[in-house]
Amino acid sequence: MVAAAGAESNFKVGQPVAYMLDGAFSEYKVLPSSSAIPLPSLKAEYITLLSSGLTAAICLDEVGELKKGETVLVTAAAGGTGQFAVQLAKKAGCHVIGTCSSDTKMEFLRSIGCDRPINYKKEDLNEVLKTEYPKGVDVVYESVGAQMFDTCVNRLALKGRLIVIGFIAGYTSDTGYTPIRGGATLPPKLLTKSASVRGFLLSHYTDLWVEYYQRLVSMYNAGDLVSQVDRGEASGTGVFNKGLQSIPDAVEYLYTGQSKGKIIVEFPEGNSKL
């Protein structure tokens with residue numbers, strides 16, 4: 001929310017806005033008005049549509065090149081951005097597979113249209129894909145890395161596209177990522193299938209943010225898109241409503257793999273200087 005605005009700014013004090021720059025773990029942020037993104041209201045679901053929703057929507061269109069009838073695999077499908085990838089791929093007329101780590105998340109995935117949820121703690125992902133999808137997967141929306149990446153590469157279809165949007169499995173390591181095991185054999189695997197591995201970083205598509213955000217907001221307001229938020233109700237520390245003090249707990253909760261949807265940290269209204 002705007003606490004103060006320059007004389008030439010188009011924003012007003014008290015107006016809800018968001019931004020996607022460094023320095024998110026702060027109570028106040030000074031930024032150019034050009035970097036402020038107006039929000040319909042201070043509703044957590046609208047914030048979730050930003051980085052997570054925009055990543056899924058722009059990535060699948062611009063890099064995934066989805067076609068109706070294709071098979072799409074979303075890893076960490078019940079997470080902040082995975083939930084949107086599942087729904088948008090389904091709306092594009094695709095058959096959607098989603099990986100997750102619990103039966104509760106499987107229920108959530110079914111509720112948002114996932115055709116084949118897979119709890120990888122109970123089922124072997126590679127065997128499921130090999131048996132149930134012998135022709136392979138056309139598009140993979142991949143955010144886990146490590147063994148998950150290797151499995152997805154091996155199960156790509158002819159002309160399949162694997163899109164790397166993250167690699168959370170390695171974020172807590174010294175290097176920030178986990179090396180893939182099949183690196184040496186990746187070129188022949190891709191060549192023999194005319195397949196590809198692509199990367200996507202939202203900051204490279206700033207020219208599309210406004211257009212896609214307005215589209216996502218319209219879908220959400222119309223009830224055509226679920227924007228699931230997780231305030232930490234199931235965490236061991238309770239709801240994340242203590243502002244900056246809750247951020248370490250929220251980050252730790254993220255790495256437990258127990259969260260569902262986008263994790264949100266709320267600031268106590270009593271601390272506001274507006």
# chains A, B, ... in the order shown; residues from 1 in each chain; ligands from 1
>>> residues_around(residues="stretch 226-234 of chain A", least_positions_apart="6", cutoff="12 Å", atoms="only C-alpha atoms", output="compact mmCIF listing (two decimals) with all heavy atoms, in the first residue's frame")
# COMPACT_ATOMS: atom_id res chain seq x y z
N LYS A 43 -5.77 -8.02 -1.25
CA LYS A 43 -6.19 -9.40 -1.07
C LYS A 43 -5.03 -10.32 -1.46
O LYS A 43 -4.44 -10.16 -2.53
CB LYS A 43 -7.41 -9.68 -1.94
CG LYS A 43 -8.09 -11.00 -1.68
CD LYS A 43 -9.38 -11.12 -2.51
CE LYS A 43 -10.11 -12.41 -2.21
NZ LYS A 43 -11.35 -12.55 -3.01
N ALA A 44 -4.70 -11.25 -0.59
CA ALA A 44 -3.54 -12.10 -0.82
C ALA A 44 -3.60 -12.83 -2.15
O ALA A 44 -2.57 -13.04 -2.80
CB ALA A 44 -3.41 -13.10 0.32
N GLU A 45 -4.79 -13.19 -2.57
CA GLU A 45 -4.94 -13.94 -3.82
C GLU A 45 -4.48 -13.13 -5.03
O GLU A 45 -4.00 -13.68 -6.02
CB GLU A 45 -6.40 -14.37 -4.00
CG GLU A 45 -6.83 -15.51 -3.09
CD GLU A 45 -7.10 -15.10 -1.67
OE1 GLU A 45 -7.04 -13.88 -1.38
OE2 GLU A 45 -7.39 -15.99 -0.84
N TYR A 46 -4.62 -11.81 -4.97
CA TYR A 46 -4.16 -10.97 -6.08
C TYR A 46 -2.64 -10.91 -6.12
O TYR A 46 -2.05 -10.84 -7.20
CB TYR A 46 -4.72 -9.56 -5.94
CG TYR A 46 -6.20 -9.44 -6.20
CD1 TYR A 46 -7.05 -8.81 -5.29
CD2 TYR A 46 -6.77 -9.96 -7.36
CE1 TYR A 46 -8.42 -8.71 -5.53
CE2 TYR A 46 -8.13 -9.86 -7.61
CZ TYR A 46 -8.95 -9.23 -6.69
OH TYR A 46 -10.30 -9.13 -6.93
N ILE A 47 -2.02 -10.94 -4.95
CA ILE A 47 -0.56 -10.94 -4.91
C ILE A 47 -0.01 -12.24 -5.48
O ILE A 47 0.99 -12.27 -6.20
CB ILE A 47 -0.08 -10.74 -3.46
CG1 ILE A 47 -0.58 -9.39 -2.94
CG2 ILE A 47 1.45 -10.81 -3.38
CD1 ILE A 47 -0.30 -9.16 -1.47
N THR A 48 -0.69 -13.33 -5.18
CA THR A 48 -0.28 -14.65 -5.68
C THR A 48 -0.31 -14.70 -7.20
O THR A 48 0.50 -15.39 -7.83
CB THR A 48 -1.20 -15.73 -5.09
OG1 THR A 48 -1.13 -15.68 -3.67
CG2 THR A 48 -0.81 -17.11 -5.56
N LEU A 49 -1.23 -13.96 -7.79
CA LEU A 49 -1.33 -13.94 -9.26
C LEU A 49 -0.13 -13.28 -9.92
O LEU A 49 0.12 -13.49 -11.10
CB LEU A 49 -2.60 -13.20 -9.69
CG LEU A 49 -3.95 -13.85 -9.35
CD1 LEU A 49 -5.08 -12.92 -9.74
CD2 LEU A 49 -4.09 -15.19 -10.05
N LEU A 50 0.61 -12.50 -9.16
CA LEU A 50 1.76 -11.79 -9.74
C LEU A 50 2.89 -12.74 -10.13
O LEU A 50 2.87 -13.29 -11.22
CB LEU A 50 2.25 -10.71 -8.76
CG LEU A 50 1.47 -9.39 -8.83
CD1 LEU A 50 1.82 -8.51 -7.64
CD2 LEU A 50 1.76 -8.66 -10.13
N SER A 52 3.79 -15.78 -9.23
CA SER A 52 3.44 -17.18 -9.48
C SER A 52 2.52 -17.34 -10.68
O SER A 52 2.74 -18.21 -11.54
CB SER A 52 2.78 -17.78 -8.23
OG SER A 52 3.68 -17.80 -7.16
N GLY A 53 1.48 -16.52 -10.73
CA GLY A 53 0.55 -16.62 -11.85
C GLY A 53 1.17 -16.19 -13.16
O GLY A 53 1.00 -16.85 -14.19
N ALA A 77 3.25 -29.45 -8.38
CA ALA A 77 2.01 -28.93 -8.96
C ALA A 77 1.09 -28.24 -7.97
O ALA A 77 0.24 -27.43 -8.36
CB ALA A 77 1.26 -30.06 -9.67
N ALA A 78 1.22 -28.55 -6.69
CA ALA A 78 0.36 -27.94 -5.68
C ALA A 78 1.01 -26.71 -5.06
O ALA A 78 0.49 -26.15 -4.10
CB ALA A 78 0.02 -28.94 -4.58
N GLY A 79 2.13 -26.27 -5.62
CA GLY A 79 2.84 -25.12 -5.09
C GLY A 79 2.31 -23.81 -5.61
O GLY A 79 1.30 -23.75 -6.32
N GLY A 80 3.02 -22.73 -5.30
CA GLY A 80 2.57 -21.40 -5.67
C GLY A 80 2.34 -21.21 -7.15
O GLY A 80 1.29 -20.73 -7.57
N THR A 81 3.31 -21.57 -7.98
CA THR A 81 3.15 -21.41 -9.43
C THR A 81 2.60 -22.67 -10.10
O THR A 81 1.91 -22.58 -11.11
CB THR A 81 4.49 -21.00 -10.08
OG1 THR A 81 4.26 -20.66 -11.46
CG2 THR A 81 5.53 -22.11 -9.98
N GLY A 82 2.87 -23.83 -9.51
CA GLY A 82 2.38 -25.08 -10.08
C GLY A 82 0.87 -25.10 -10.21
O GLY A 82 0.32 -25.61 -11.19
N GLN A 83 0.17 -24.57 -9.20
CA GLN A 83 -1.29 -24.56 -9.23
C GLN A 83 -1.84 -23.83 -10.46
O GLN A 83 -2.83 -24.25 -11.05
CB GLN A 83 -1.83 -23.90 -7.97
CG GLN A 83 -1.44 -22.43 -7.80
CD GLN A 83 -2.15 -21.75 -6.64
OE1 GLN A 83 -3.31 -22.02 -6.35
NE2 GLN A 83 -1.44 -20.85 -5.96
N PHE A 84 -1.16 -22.77 -10.86
CA PHE A 84 -1.61 -22.01 -12.03
C PHE A 84 -1.25 -22.74 -13.33
O PHE A 84 -2.03 -22.72 -14.29
CB PHE A 84 -1.00 -20.61 -12.02
CG PHE A 84 -1.46 -19.77 -10.87
CD1 PHE A 84 -0.57 -19.36 -9.89
CD2 PHE A 84 -2.80 -19.42 -10.74
CE1 PHE A 84 -0.99 -18.61 -8.81
CE2 PHE A 84 -3.23 -18.66 -9.66
CZ PHE A 84 -2.32 -18.25 -8.69
N ALA A 85 -0.08 -23.38 -13.36
CA ALA A 85 0.31 -24.13 -14.54
C ALA A 85 -0.69 -25.25 -14.82
O ALA A 85 -1.07 -25.50 -15.96
CB ALA A 85 1.71 -24.70 -14.37
N VAL A 86 -1.13 -25.92 -13.76
CA VAL A 86 -2.12 -27.00 -13.90
C VAL A 86 -3.40 -26.45 -14.53
O VAL A 86 -3.93 -26.98 -15.51
CB VAL A 86 -2.43 -27.65 -12.54
CG1 VAL A 86 -3.68 -28.54 -12.64
CG2 VAL A 86 -1.25 -28.46 -12.05
N GLN A 87 -3.92 -25.37 -13.95
CA GLN A 87 -5.21 -24.83 -14.40
C GLN A 87 -5.13 -24.26 -15.82
O GLN A 87 -6.03 -24.49 -16.64
CB GLN A 87 -5.67 -23.74 -13.43
CG GLN A 87 -5.98 -24.26 -12.04
CD GLN A 87 -6.33 -23.14 -11.09
OE1 GLN A 87 -7.45 -22.64 -11.08
NE2 GLN A 87 -5.37 -22.73 -10.28
N LEU A 88 -4.06 -23.55 -16.12
CA LEU A 88 -3.94 -22.92 -17.44
C LEU A 88 -3.71 -23.96 -18.54
O LEU A 88 -4.22 -23.83 -19.65
CB LEU A 88 -2.82 -21.88 -17.42
CG LEU A 88 -3.07 -20.69 -16.50
CD1 LEU A 88 -1.83 -19.81 -16.42
CD2 LEU A 88 -4.27 -19.87 -16.99
N THR A 104 -3.29 -35.07 0.65
CA THR A 104 -4.05 -33.83 0.75
C THR A 104 -3.82 -32.97 -0.49
O THR A 104 -4.76 -32.37 -1.03
CB THR A 104 -3.64 -33.04 2.01
OG1 THR A 104 -3.91 -33.83 3.16
CG2 THR A 104 -4.40 -31.73 2.10
N LYS A 105 -2.58 -32.92 -0.93
CA LYS A 105 -2.27 -32.14 -2.12
C LYS A 105 -2.87 -32.79 -3.37
O LYS A 105 -3.26 -32.09 -4.31
CB LYS A 105 -0.75 -32.01 -2.28
CG LYS A 105 -0.12 -31.13 -1.22
CD LYS A 105 1.37 -30.98 -1.47
CE LYS A 105 2.02 -30.11 -0.41
NZ LYS A 105 3.47 -29.91 -0.65
N PHE A 108 -6.32 -31.60 -3.62
CA PHE A 108 -6.33 -30.22 -4.11
C PHE A 108 -6.12 -30.19 -5.62
O PHE A 108 -6.82 -29.47 -6.35
CB PHE A 108 -5.24 -29.41 -3.41
CG PHE A 108 -5.00 -28.05 -4.03
CD1 PHE A 108 -6.00 -27.08 -4.03
CD2 PHE A 108 -3.78 -27.75 -4.63
CE1 PHE A 108 -5.78 -25.83 -4.61
CE2 PHE A 108 -3.56 -26.51 -5.21
CZ PHE A 108 -4.56 -25.55 -5.20
N LEU A 109 -5.18 -30.98 -6.11
CA LEU A 109 -4.91 -31.01 -7.55
C LEU A 109 -6.12 -31.49 -8.33
O LEU A 109 -6.43 -30.96 -9.40
CB LEU A 109 -3.69 -31.89 -7.84
CG LEU A 109 -2.34 -31.33 -7.38
CD1 LEU A 109 -1.21 -32.29 -7.70
CD2 LEU A 109 -2.07 -29.97 -8.02
N SER A 111 -9.13 -31.07 -7.47
CA SER A 111 -10.15 -30.01 -7.40
C SER A 111 -9.91 -28.89 -8.40
O SER A 111 -10.85 -28.17 -8.76
CB SER A 111 -10.20 -29.43 -5.98
OG SER A 111 -9.09 -28.59 -5.71
N ILE A 112 -8.67 -28.72 -8.87
CA ILE A 112 -8.38 -27.66 -9.84
C ILE A 112 -8.20 -28.21 -11.25
O ILE A 112 -7.71 -27.50 -12.14
CB ILE A 112 -7.15 -26.82 -9.43
CG1 ILE A 112 -5.89 -27.69 -9.31
CG2 ILE A 112 -7.42 -26.09 -8.12
CD1 ILE A 112 -4.62 -26.88 -9.05
N GLY A 113 -8.56 -29.47 -11.45
CA GLY A 113 -8.61 -30.01 -12.81
C GLY A 113 -7.48 -30.91 -13.24
O GLY A 113 -7.43 -31.32 -14.41
N LEU A 216 -5.29 -12.56 -15.81
CA LEU A 216 -5.41 -13.46 -14.66
C LEU A 216 -6.39 -12.92 -13.62
O LEU A 216 -7.17 -13.69 -13.05
CB LEU A 216 -4.03 -13.66 -14.03
CG LEU A 216 -3.01 -14.45 -14.85
CD1 LEU A 216 -1.64 -14.42 -14.17
CD2 LEU A 216 -3.45 -15.89 -15.06
N VAL A 217 -6.35 -11.62 -13.37
CA VAL A 217 -7.28 -11.01 -12.43
C VAL A 217 -8.71 -11.20 -12.90
O VAL A 217 -9.61 -11.52 -12.12
CB VAL A 217 -6.97 -9.51 -12.23
CG1 VAL A 217 -8.11 -8.81 -11.48
CG2 VAL A 217 -5.66 -9.34 -11.46
N SER A 218 -8.94 -11.01 -14.20
CA SER A 218 -10.29 -11.18 -14.76
C SER A 218 -10.76 -12.61 -14.58
O SER A 218 -11.92 -12.86 -14.22
CB SER A 218 -10.30 -10.80 -16.24
OG SER A 218 -10.02 -9.43 -16.42
N MET A 219 -9.87 -13.57 -14.81
CA MET A 219 -10.22 -14.97 -14.65
C MET A 219 -10.54 -15.28 -13.19
O MET A 219 -11.51 -15.98 -12.89
CB MET A 219 -9.08 -15.86 -15.15
CG MET A 219 -8.85 -15.81 -16.64
SD MET A 219 -7.38 -16.76 -17.15
CE MET A 219 -7.92 -18.44 -16.75
N TYR A 220 -9.73 -14.75 -12.29
CA TYR A 220 -9.96 -15.00 -10.86
C TYR A 220 -11.29 -14.38 -10.41
O TYR A 220 -12.08 -15.02 -9.71
CB TYR A 220 -8.81 -14.43 -10.04
CG TYR A 220 -9.06 -14.50 -8.55
CD1 TYR A 220 -8.98 -15.71 -7.86
CD2 TYR A 220 -9.41 -13.35 -7.83
CE1 TYR A 220 -9.25 -15.78 -6.51
CE2 TYR A 220 -9.67 -13.41 -6.47
CZ TYR A 220 -9.58 -14.63 -5.81
OH TYR A 220 -9.86 -14.69 -4.47
N PHE A 240 1.40 -17.16 9.74
CA PHE A 240 2.46 -16.17 9.54
C PHE A 240 1.86 -14.77 9.48
O PHE A 240 1.63 -14.21 8.41
CB PHE A 240 3.21 -16.47 8.24
CG PHE A 240 3.74 -17.89 8.15
CD1 PHE A 240 3.53 -18.64 7.01
CD2 PHE A 240 4.43 -18.45 9.20
CE1 PHE A 240 4.01 -19.94 6.92
CE2 PHE A 240 4.91 -19.76 9.13
CZ PHE A 240 4.70 -20.50 7.98
N ASN A 241 1.63 -14.19 10.64
CA ASN A 241 0.98 -12.88 10.70
C ASN A 241 1.74 -11.88 11.55
O ASN A 241 1.18 -10.90 12.03
CB ASN A 241 -0.45 -13.03 11.23
CG ASN A 241 -0.51 -13.69 12.59
OD1 ASN A 241 0.52 -13.94 13.22
ND2 ASN A 241 -1.72 -13.96 13.06
N LYS A 242 3.04 -12.13 11.72
CA LYS A 242 3.85 -11.22 12.53
C LYS A 242 4.83 -10.42 11.69
O LYS A 242 5.87 -9.96 12.18
CB LYS A 242 4.61 -12.01 13.60
CG LYS A 242 3.72 -12.76 14.58
CD LYS A 242 4.55 -13.50 15.61
CE LYS A 242 3.66 -14.22 16.62
NZ LYS A 242 2.83 -15.26 15.99
N GLY A 243 4.53 -10.26 10.42
CA GLY A 243 5.39 -9.45 9.57
C GLY A 243 6.77 -10.06 9.39
O GLY A 243 6.91 -11.26 9.18
N SER A 246 7.93 -13.30 11.00
CA SER A 246 7.40 -14.58 10.50
C SER A 246 8.13 -15.09 9.27
O SER A 246 7.96 -16.26 8.90
CB SER A 246 5.91 -14.44 10.16
OG SER A 246 5.13 -14.24 11.31
N ILE A 247 8.93 -14.26 8.64
CA ILE A 247 9.55 -14.66 7.37
C ILE A 247 10.48 -15.87 7.51
O ILE A 247 10.40 -16.80 6.70
CB ILE A 247 10.29 -13.46 6.73
CG1 ILE A 247 9.24 -12.47 6.20
CG2 ILE A 247 11.20 -13.92 5.59
CD1 ILE A 247 9.80 -11.21 5.61
N ASP A 249 10.30 -18.35 9.56
CA ASP A 249 9.43 -19.52 9.74
C ASP A 249 8.76 -19.89 8.42
O ASP A 249 8.61 -21.08 8.10
CB ASP A 249 8.36 -19.24 10.79
CG ASP A 249 8.92 -19.12 12.19
OD1 ASP A 249 9.99 -19.72 12.46
OD2 ASP A 249 8.31 -18.41 13.02
N ALA A 250 8.36 -18.88 7.65
CA ALA A 250 7.70 -19.13 6.36
C ALA A 250 8.65 -19.78 5.37
O ALA A 250 8.27 -20.69 4.63
CB ALA A 250 7.14 -17.83 5.80
N VAL A 251 9.90 -19.33 5.35
CA VAL A 251 10.89 -19.91 4.45
C VAL A 251 11.18 -21.36 4.83
O VAL A 251 11.26 -22.25 3.97
CB VAL A 251 12.19 -19.08 4.46
CG1 VAL A 251 13.28 -19.78 3.65
CG2 VAL A 251 11.94 -17.68 3.88
N GLU A 252 11.33 -21.60 6.12
CA GLU A 252 11.55 -22.97 6.58
C GLU A 252 10.37 -23.87 6.23
O GLU A 252 10.54 -25.02 5.83
CB GLU A 252 11.78 -22.98 8.10
CG GLU A 252 13.13 -22.43 8.53
CD GLU A 252 14.29 -23.22 7.98
OE1 GLU A 252 14.21 -24.47 7.96
OE2 GLU A 252 15.28 -22.61 7.54
N TYR A 253 9.19 -23.33 6.37
CA TYR A 253 7.97 -24.08 6.03
C TYR A 253 7.95 -24.43 4.55
O TYR A 253 7.56 -25.54 4.17
CB TYR A 253 6.76 -23.22 6.41
CG TYR A 253 5.40 -23.82 6.10
CD1 TYR A 253 5.04 -25.09 6.54
CD2 TYR A 253 4.45 -23.09 5.38
CE1 TYR A 253 3.80 -25.62 6.27
CE2 TYR A 253 3.20 -23.61 5.11
CZ TYR A 253 2.88 -24.87 5.55
OH TYR A 253 1.63 -25.39 5.27
N LEU A 254 8.39 -23.51 3.72
CA LEU A 254 8.46 -23.77 2.27
C LEU A 254 9.33 -24.98 1.98
O LEU A 254 8.97 -25.85 1.18
CB LEU A 254 9.01 -22.54 1.55
CG LEU A 254 9.32 -22.70 0.06
CD1 LEU A 254 8.04 -22.94 -0.73
CD2 LEU A 254 10.04 -21.47 -0.47
N THR A 256 9.95 -27.49 3.82
CA THR A 256 9.45 -28.76 4.34
C THR A 256 8.62 -29.49 3.30
O THR A 256 8.37 -30.69 3.42
CB THR A 256 8.57 -28.56 5.59
OG1 THR A 256 7.37 -27.85 5.23
CG2 THR A 256 9.32 -27.81 6.67
N GLY A 257 8.16 -28.78 2.28
CA GLY A 257 7.33 -29.39 1.26
C GLY A 257 5.90 -29.61 1.68
O GLY A 257 5.14 -30.29 1.00
N GLN A 258 5.49 -29.00 2.78
CA GLN A 258 4.14 -29.21 3.29
C GLN A 258 3.15 -28.14 2.83
O GLN A 258 1.94 -28.31 2.97
CB GLN A 258 4.17 -29.22 4.83
CG GLN A 258 5.00 -30.34 5.42
CD GLN A 258 5.11 -30.23 6.94
OE1 GLN A 258 4.33 -29.53 7.56
NE2 GLN A 258 6.08 -30.90 7.52
N SER A 259 3.65 -27.05 2.30
CA SER A 259 2.75 -25.95 1.93
C SER A 259 1.90 -26.30 0.71
O SER A 259 2.27 -27.14 -0.11
CB SER A 259 3.56 -24.68 1.65
OG SER A 259 4.47 -24.89 0.58
N LYS A 260 0.78 -25.61 0.62
CA LYS A 260 -0.14 -25.83 -0.50
C LYS A 260 -0.53 -24.46 -1.06
O LYS A 260 -1.12 -23.65 -0.36
CB LYS A 260 -1.38 -26.58 -0.02
CG LYS A 260 -2.37 -26.94 -1.13
CD LYS A 260 -3.47 -27.85 -0.62
CE LYS A 260 -4.32 -27.17 0.42
NZ LYS A 260 -5.43 -28.03 0.90
N GLY A 261 -0.16 -24.20 -2.30
CA GLY A 261 -0.39 -22.90 -2.88
C GLY A 261 0.75 -21.95 -2.55
O GLY A 261 1.87 -22.38 -2.25
N LYS A 262 0.49 -20.65 -2.59
CA LYS A 262 1.51 -19.63 -2.34
C LYS A 262 1.55 -19.26 -0.87
O LYS A 262 0.53 -18.92 -0.28
CB LYS A 262 1.17 -18.38 -3.17
CG LYS A 262 2.24 -17.30 -3.11
CD LYS A 262 3.45 -17.71 -3.92
CE LYS A 262 4.41 -16.54 -4.08
NZ LYS A 262 5.62 -16.92 -4.86
N ILE A 263 2.75 -19.32 -0.28
CA ILE A 263 2.89 -18.94 1.12
C ILE A 263 2.83 -17.43 1.26
O ILE A 263 3.51 -16.69 0.54
CB ILE A 263 4.22 -19.48 1.70
CG1 ILE A 263 4.23 -21.01 1.65
CG2 ILE A 263 4.44 -18.98 3.12
CD1 ILE A 263 5.55 -21.62 2.10
N ILE A 264 2.01 -16.97 2.19
CA ILE A 264 1.79 -15.55 2.39
C ILE A 264 2.17 -15.17 3.83
O ILE A 264 1.78 -15.86 4.78
CB ILE A 264 0.32 -15.16 2.14
CG1 ILE A 264 -0.05 -15.36 0.67
CG2 ILE A 264 0.04 -13.73 2.57
CD1 ILE A 264 0.65 -14.40 -0.28
N VAL A 265 2.92 -14.08 3.98
CA VAL A 265 3.23 -13.52 5.29
C VAL A 265 2.48 -12.20 5.42
O VAL A 265 2.59 -11.33 4.56
CB VAL A 265 4.74 -13.28 5.47
CG1 VAL A 265 5.02 -12.55 6.79
CG2 VAL A 265 5.50 -14.60 5.42
N GLU A 266 1.69 -12.07 6.46
CA GLU A 266 0.91 -10.86 6.66
C GLU A 266 1.53 -9.97 7.73
O GLU A 266 2.17 -10.45 8.67
CB GLU A 266 -0.53 -11.23 7.05
CG GLU A 266 -1.25 -12.02 5.96
CD GLU A 266 -2.65 -12.41 6.37
OE1 GLU A 266 -2.88 -12.65 7.59
OE2 GLU A 266 -3.54 -12.49 5.50
N PHE A 267 1.34 -8.67 7.58
CA PHE A 267 1.85 -7.69 8.54
C PHE A 267 0.71 -7.23 9.44
O PHE A 267 -0.38 -6.92 8.95
CB PHE A 267 2.46 -6.49 7.81
CG PHE A 267 3.80 -6.79 7.20
CD1 PHE A 267 3.90 -7.53 6.03
CD2 PHE A 267 4.97 -6.33 7.79
CE1 PHE A 267 5.12 -7.82 5.47
CE2 PHE A 267 6.20 -6.60 7.23
CZ PHE A 267 6.29 -7.36 6.07
>>> select_by_dssp(residues="stretch 161-251 of chain A", states="helix (DSSP H, G or I)", output="ChimeraX atom specification")
/A:168-170,183-191,202-221,243-251
>>> residues_around(residues="stretch 191-198 of chain A", least_positions_apart="5", cutoff="12 Å", atoms="only C-alpha atoms", output="ChimeraX atom specification")
/A:59-60,62-65,135-142,149-150,152-166,183,185-186
>>> closest_residue(among="A:Leu202, A:Ile180, A:Leu129, A:Ala3", to="A:Ser51", atoms="only C-alpha atoms")
A:Leu202
>>> atom_distance(atom1="atom CA of A:Met20", atom2="atom CA of A:Ala36")
8.3 Å
>>> closest_residue(among="A:Arg181, A:Pro268, A:Asn126, A:Arg116", to="A:Leu244", atoms="only C-alpha atoms")
A:Pro268
>>> select_by_dssp(residues="stretch 107-217 of chain A", states="strand (DSSP E or B)", output="short mmCIF file (atom, residue, chain, number, x, y, z; two decimals) with C-alpha atoms, in the first residue's frame")
data_model
loop_
_atom_site.label_atom_id
_atom_site.label_comp_id
_atom_site.auth_asym_id
_atom_site.auth_seq_id
_atom_site.Cartn_x
_atom_site.Cartn_y
_atom_site.Cartn_z
CA ARG A 116 -3.45 -37.49 -13.04
CA PRO A 117 -2.07 -36.37 -9.68
CA ILE A 118 0.98 -38.38 -8.58
CA ASN A 119 2.14 -38.56 -4.98
CA VAL A 137 5.16 -36.08 -22.19
CA ASP A 138 4.93 -33.14 -24.56
CA VAL A 139 5.60 -30.32 -22.11
CA VAL A 140 7.16 -30.35 -18.64
CA TYR A 141 6.85 -27.37 -16.29
CA GLU A 142 9.78 -28.16 -14.00
CA LEU A 156 9.94 -36.53 -22.92
CA ALA A 157 7.95 -37.27 -26.07
CA LEU A 158 9.10 -36.60 -29.62
CA LYS A 159 9.53 -32.83 -29.95
CA GLY A 160 8.93 -32.54 -26.20
CA ARG A 161 9.77 -29.34 -24.34
CA LEU A 162 11.06 -29.27 -20.78
CA ILE A 163 10.96 -25.81 -19.22
CA VAL A 164 13.13 -25.08 -16.19
CA SER A 196 14.52 -29.40 -26.00
CA VAL A 197 15.27 -28.08 -22.53
CA ARG A 198 14.39 -24.42 -22.11
CA GLY A 199 14.69 -21.88 -19.33
#
>>> atom_distance(atom1="atom CA of A:Asp224", atom2="atom CA of A:Gly14")
29.0 Å
>>> closest_residue(among="A:Glu132, A:Trp209, A:Tyr255, A:Val72", to="A:Val144", atoms="only C-alpha atoms")
A:Tyr255
>>> closest_residue(among="A:Val30, A:Pro134, A:Cys100, A:Lys91", to="A:Lys122", atoms="only C-alpha atoms")
A:Cys100
>>> closest_residue(among="A:Val210, A:Ala169, A:Ala18, A:Ala24", to="A:Ala76", atoms="only C-alpha atoms")
A:Ala169
>>> residues_around(residues="A:Lys68", least_positions_apart="4", cutoff="7 Å", atoms="only C-alpha atoms", output="PyMOL selection string")
chain A and resi 92-94
